[in-house]
Amino acid sequence: MFSNAKLNEKIAFTLLKIATGMVVAFVMVILYYIISNGYSVINLEFITSMPRNRMTEGGIFPAIMGTAYLIVGSMAVALPLGILSAIYLNEYAQSGRTTWAIEMAISNLAGTPSVVFGLFGLALFVKYLGFGPSLISASLTLALLILPVIIRASQEALLTVPKEYREASLALGVTKWETIRRVVLPAAIPGMITGAILSIGRVAGETAPILLTGAAYFLPRMPDSIYSQFMALPYHLYVLATSGTNIAQTRPLQYGTALVLLIIVLCVNIVAVSIRSHYRNKIKR
Amino acid sequence: MSNRYLKEKGIESLLFASGAVAVIALFLLCIFLFRDGILLFSEYPINSFLTATKWYPTAEPAHFGILPLFLGSVIVTIGAVIFSVPLGIAVAIYISELASPKISNVLKPVTEILAGIPSVVYGFFGLVILVPIIQNTLELPTGQTALTGSIMLGIMALPTIISISEDAISSVPRTLKEGSLALGSTKWQTIYKVTVPASLSGISAAVMLGIGRAIGETMTVMMVTGNSAVIPGFPSGLFAPVRTMTATIALEMGEVPQGSDHFHALFAIGSVLFITTFIINIIANYVKKRYRFNL
């Protein structure tokens with residue numbers, strides 16, 4: 001009986017290890033294919049020139065810039081809103097109906113499919129407010145999409161600040177807001193930044209929402225205002241891979257675009273993770 | 001002194017306003033989504049929308065039956081769940097119960113990378129690598145099938161399932177496990193008779209959120225499932241092309257004139273999708289809260 005249990009344990013643990021190995025293998029295989037096929041395509045010209053000859057040659061400069069504009073635009077809206085709303089929830093709100101409603105709204109927004117955000121952006125920003133298919137419509141749509149992520153990350157960061165910090169400051173007669181501004185926020189900022197950086201990756205990779213709110217199939221110039229359409233990396237990859245003029249011929253360009261996108265997202269993740277671990281080590285000391 | 005008080009009050013109001021943005025956003029989202037969706041039903045009966053078996057939006061007369069699309073989403077999601085739930089839970093158990101801190105410090109970033117890869121890159125990988133593999137090994141007329149979508153969505157749902165289950169499993173009090181071990185159970189017996197049952201609510205929430213993620217995914221399914229709007233059989237439908245609700249919205253919105261029936265039909269699909277994920281979220285929140293450890 002005893003040895004049977006031991007044997008079962010051995011089998012079970014082996015299966016768990018195999019499962020984990022499989023997941024690691026998925027990551028490796030995906031990264032391997034994109035990197036090995038994409039790296040030879042990427043050079044200065046690819047990154048800094050316009051697409052040419054109906055997108056079968058040339059680079060992806062406008063798509064990179066479009067994605068950069070989207071990141072700046074959506075973060076400019078979502079970051080302050082998200083941090084302020086996390087401060088309200090963690091430092092001011094009493095648990096009650098209002099707080100419940102806000103928490104509920106956040107978790108439902110977080111679970112809403114991105115294509116539904118796209119429809120919402122189309123109906124509200126593009127049509128109702130008359131912004132048209134444009135950078136501003138897409139940025140605002142993405143801002144709403146990442147708002148729950150930023151709020152949650154900021155809330156977690158605020159939770160890590162020990163209660164004694166606040167009490168010590170309040171006991172000295174400092175007001176609540178001054179306490180938050182001078183004591184709580186400085187301690188919570190690294191965690192908030194981590195959350196913000198991770199949502200940059202999200203903005204860079206989202207396709208469905210911008211597809212409905214202003215991403216252009218092909219636009220060989222920079223957007224000249226916030227009301228103009230734009231190219232973006234993820235949509236450009238989709239277009240090249242599924243409806244470009246010559247899908248087989250442009251495969252290297254597709255791998256190159258996928259790799260640039262992947263590099264942006266991975267760098268963002270690495271920066272976020274290292275800020276987080278640097279900060280954690282600091283607390284331990 | 002009163003100046004200072006006024007400033008404090010002013011700031012509190014500003015913070016409250018920011019907090020309210022999430023509620024307002026959700027409220028506006030419902031209004032704008034449903035408003036354009038409901039307009040369809042002035043021209044096209046809601047019964048036909050929900051029960052008709054044909055999605056021919058450009059035919060004369062047009063058919064806007066959501067059923068093939070809804071079932072398309074369902075079959076792809078079921079496939080993804082069958083594949084990713086056991087795998088995800090196994091990895092979560094491994095990370096939280098077996099792996100040394102060193103190994104779990106490597107595994108966590110790996111799952112974070114999995115979560116960070118954009119859906120369009122998954123779609124591209126599926127299209128270029130997995131589609132030909134499925135086509136050749138199963139000898140199908142096309143590799144763009146529900147199964148292909150299920151595999152890709154399963155991989156994409158993994159990080160959600162792993163990280164939330166792992167949180168749940170790690171939060172099981174040590175005393176419970178030690179009690180079991182002290183009674184002479186093996187480590188594995190403790191895991192499957194004590195630790196996993198004790199964290200079942202968190203694991204269920206993880207599975208629900210994984211389902212929500214899979215059903216709402218757009219770009220990946222659009223690129224690998226072939227997008228033909230037919231009612232899928234089960235399980236035979238796994239090996240044929242399907243079209244999901246999400247893919248329909250993303251594929252067709254670019255071509256429809258704003259304000260047409262077809263335009264409103266796509267918003268109606270969006271409303272159904274939103275309601276579906278809304279219900280999934282509420283269930284996930286409920287199970288998570290209902291059975292949380294209060295120690």
# chains A, B, ... in the order shown; residues from 1 in each chain; ligands from 1
>>> residues_around(residues="B:Pro257", least_positions_apart="6", cutoff="12 Å", atoms="only C-alpha atoms", output="PDB file with N, CA and C atoms, in the first residue's frame")
ATOM      1  N   THR B  58     -25.093  39.807 -46.564  1.00  0.00           N
ATOM      2  CA  THR B  58     -25.140  40.595 -47.795  1.00  0.00           C
ATOM      3  C   THR B  58     -26.092  40.006 -48.826  1.00  0.00           C
ATOM      4  N   PHE B 263     -24.616  46.811 -40.258  1.00  0.00           N
ATOM      5  CA  PHE B 263     -23.864  47.552 -39.240  1.00  0.00           C
ATOM      6  C   PHE B 263     -24.474  47.311 -37.863  1.00  0.00           C
ATOM      7  N   HIS B 264     -25.807  47.441 -37.791  1.00  0.00           N
ATOM      8  CA  HIS B 264     -26.480  47.243 -36.508  1.00  0.00           C
ATOM      9  C   HIS B 264     -26.402  45.783 -36.064  1.00  0.00           C
ATOM     10  N   ALA B 265     -26.428  44.859 -37.035  1.00  0.00           N
ATOM     11  CA  ALA B 265     -26.327  43.439 -36.683  1.00  0.00           C
ATOM     12  C   ALA B 265     -24.987  43.149 -36.014  1.00  0.00           C
ATOM     13  N   LEU B 266     -23.918  43.818 -36.487  1.00  0.00           N
ATOM     14  CA  LEU B 266     -22.607  43.595 -35.876  1.00  0.00           C
ATOM     15  C   LEU B 266     -22.589  44.125 -34.440  1.00  0.00           C
TER      16      LEU B 266
END
>>> interface_residues(of="chain A", to="chain B", cutoff="6 Å", atoms="only C-alpha atoms", output="PyMOL selection string")
chain A and resi 9+16+19-20+81+84-85+88+102+105-106+113+116+120+205
>>> write_last_selection(atoms="N, CA and C atoms", output="PDB file, in the first residue's frame")
ATOM      1  N   GLU A   9       2.686   8.856  -6.534  1.00  0.00           N
ATOM      2  CA  GLU A   9       3.262  10.180  -6.395  1.00  0.00           C
ATOM      3  C   GLU A   9       4.296  10.441  -7.484  1.00  0.00           C
ATOM      4  N   LEU A  16       3.217  16.275 -13.887  1.00  0.00           N
ATOM      5  CA  LEU A  16       3.241  17.728 -13.635  1.00  0.00           C
ATOM      6  C   LEU A  16       4.464  18.361 -14.293  1.00  0.00           C
ATOM      7  N   ALA A  19       3.933  18.541 -18.021  1.00  0.00           N
ATOM      8  CA  ALA A  19       3.022  19.639 -18.352  1.00  0.00           C
ATOM      9  C   ALA A  19       3.760  20.970 -18.336  1.00  0.00           C
ATOM     10  N   THR A  20       4.546  21.183 -17.283  1.00  0.00           N
ATOM     11  CA  THR A  20       5.295  22.433 -17.186  1.00  0.00           C
ATOM     12  C   THR A  20       6.290  22.558 -18.333  1.00  0.00           C
ATOM     13  N   LEU A  81      -5.573  59.000 -14.754  1.00  0.00           N
ATOM     14  CA  LEU A  81      -6.893  58.551 -14.311  1.00  0.00           C
ATOM     15  C   LEU A  81      -6.795  57.301 -13.444  1.00  0.00           C
ATOM     16  N   LEU A  84      -5.104  58.049  -9.972  1.00  0.00           N
ATOM     17  CA  LEU A  84      -6.005  58.800  -9.095  1.00  0.00           C
ATOM     18  C   LEU A  84      -7.145  57.917  -8.608  1.00  0.00           C
ATOM     19  N   SER A  85      -7.650  57.078  -9.532  1.00  0.00           N
ATOM     20  CA  SER A  85      -8.779  56.272  -9.117  1.00  0.00           C
ATOM     21  C   SER A  85      -8.348  55.183  -8.132  1.00  0.00           C
ATOM     22  N   TYR A  88      -8.123  56.868  -4.787  1.00  0.00           N
ATOM     23  CA  TYR A  88      -9.448  57.017  -4.191  1.00  0.00           C
ATOM     24  C   TYR A  88      -9.902  55.698  -3.560  1.00  0.00           C
ATOM     25  N   ILE A 102     -17.758  50.645  -8.162  1.00  0.00           N
ATOM     26  CA  ILE A 102     -16.517  50.942  -8.888  1.00  0.00           C
ATOM     27  C   ILE A 102     -15.699  49.663  -9.093  1.00  0.00           C
ATOM     28  N   ALA A 105     -17.309  47.580 -11.725  1.00  0.00           N
ATOM     29  CA  ALA A 105     -17.112  48.134 -13.071  1.00  0.00           C
ATOM     30  C   ALA A 105     -15.706  47.824 -13.564  1.00  0.00           C
ATOM     31  N   ILE A 106     -14.727  47.954 -12.671  1.00  0.00           N
ATOM     32  CA  ILE A 106     -13.347  47.704 -13.084  1.00  0.00           C
ATOM     33  C   ILE A 106     -13.168  46.248 -13.507  1.00  0.00           C
ATOM     34  N   PRO A 113     -14.190  41.821 -23.921  1.00  0.00           N
ATOM     35  CA  PRO A 113     -13.315  41.554 -25.066  1.00  0.00           C
ATOM     36  C   PRO A 113     -12.878  42.843 -25.763  1.00  0.00           C
ATOM     37  N   VAL A 116     -15.075  44.372 -28.407  1.00  0.00           N
ATOM     38  CA  VAL A 116     -16.237  45.123 -27.912  1.00  0.00           C
ATOM     39  C   VAL A 116     -15.829  46.565 -27.592  1.00  0.00           C
ATOM     40  N   PHE A 120     -17.372  50.003 -29.154  1.00  0.00           N
ATOM     41  CA  PHE A 120     -17.698  51.138 -28.301  1.00  0.00           C
ATOM     42  C   PHE A 120     -16.982  52.404 -28.798  1.00  0.00           C
ATOM     43  N   GLY A 205       0.261  45.861 -28.681  1.00  0.00           N
ATOM     44  CA  GLY A 205      -0.152  44.635 -29.350  1.00  0.00           C
ATOM     45  C   GLY A 205      -1.606  44.548 -29.746  1.00  0.00           C
TER      46      GLY A 205
END
>>> atom_distance(atom1="atom CA of A:Thr213", atom2="atom CA of B:Leu40")
21.3 Å
>>> residues_around(residues="A:Tyr227", least_positions_apart="5", cutoff="8 Å", atoms="only C-alpha atoms", output="list in words")
Phe131, Gly132, Pro133, Ser134, Leu135 and Ile136 of chain A
>>> residues_around(residues="B:Thr244", least_positions_apart="5", cutoff="6 Å", atoms="only C-alpha atoms", output="PyMOL selection string")
chain B and resi 69+72-73
>>> closest_residue(among="A:Asn90, A:Ser36, A:Ser169, A:Ser243", to="A:Val183", atoms="only C-alpha atoms")
A:Ser169
>>> residues_around(residues="A:Leu233", least_positions_apart="4", cutoff="12 Å", atoms="only C-alpha atoms", output="ChimeraX atom specification")
/A:47,59-71,203-207,210-211,215-218,237-240,253-265 /B:118,120-121
>>> atom_distance(atom1="atom CA of B:Lys288", atom2="atom CA of B:Gly202")
5.5 Å
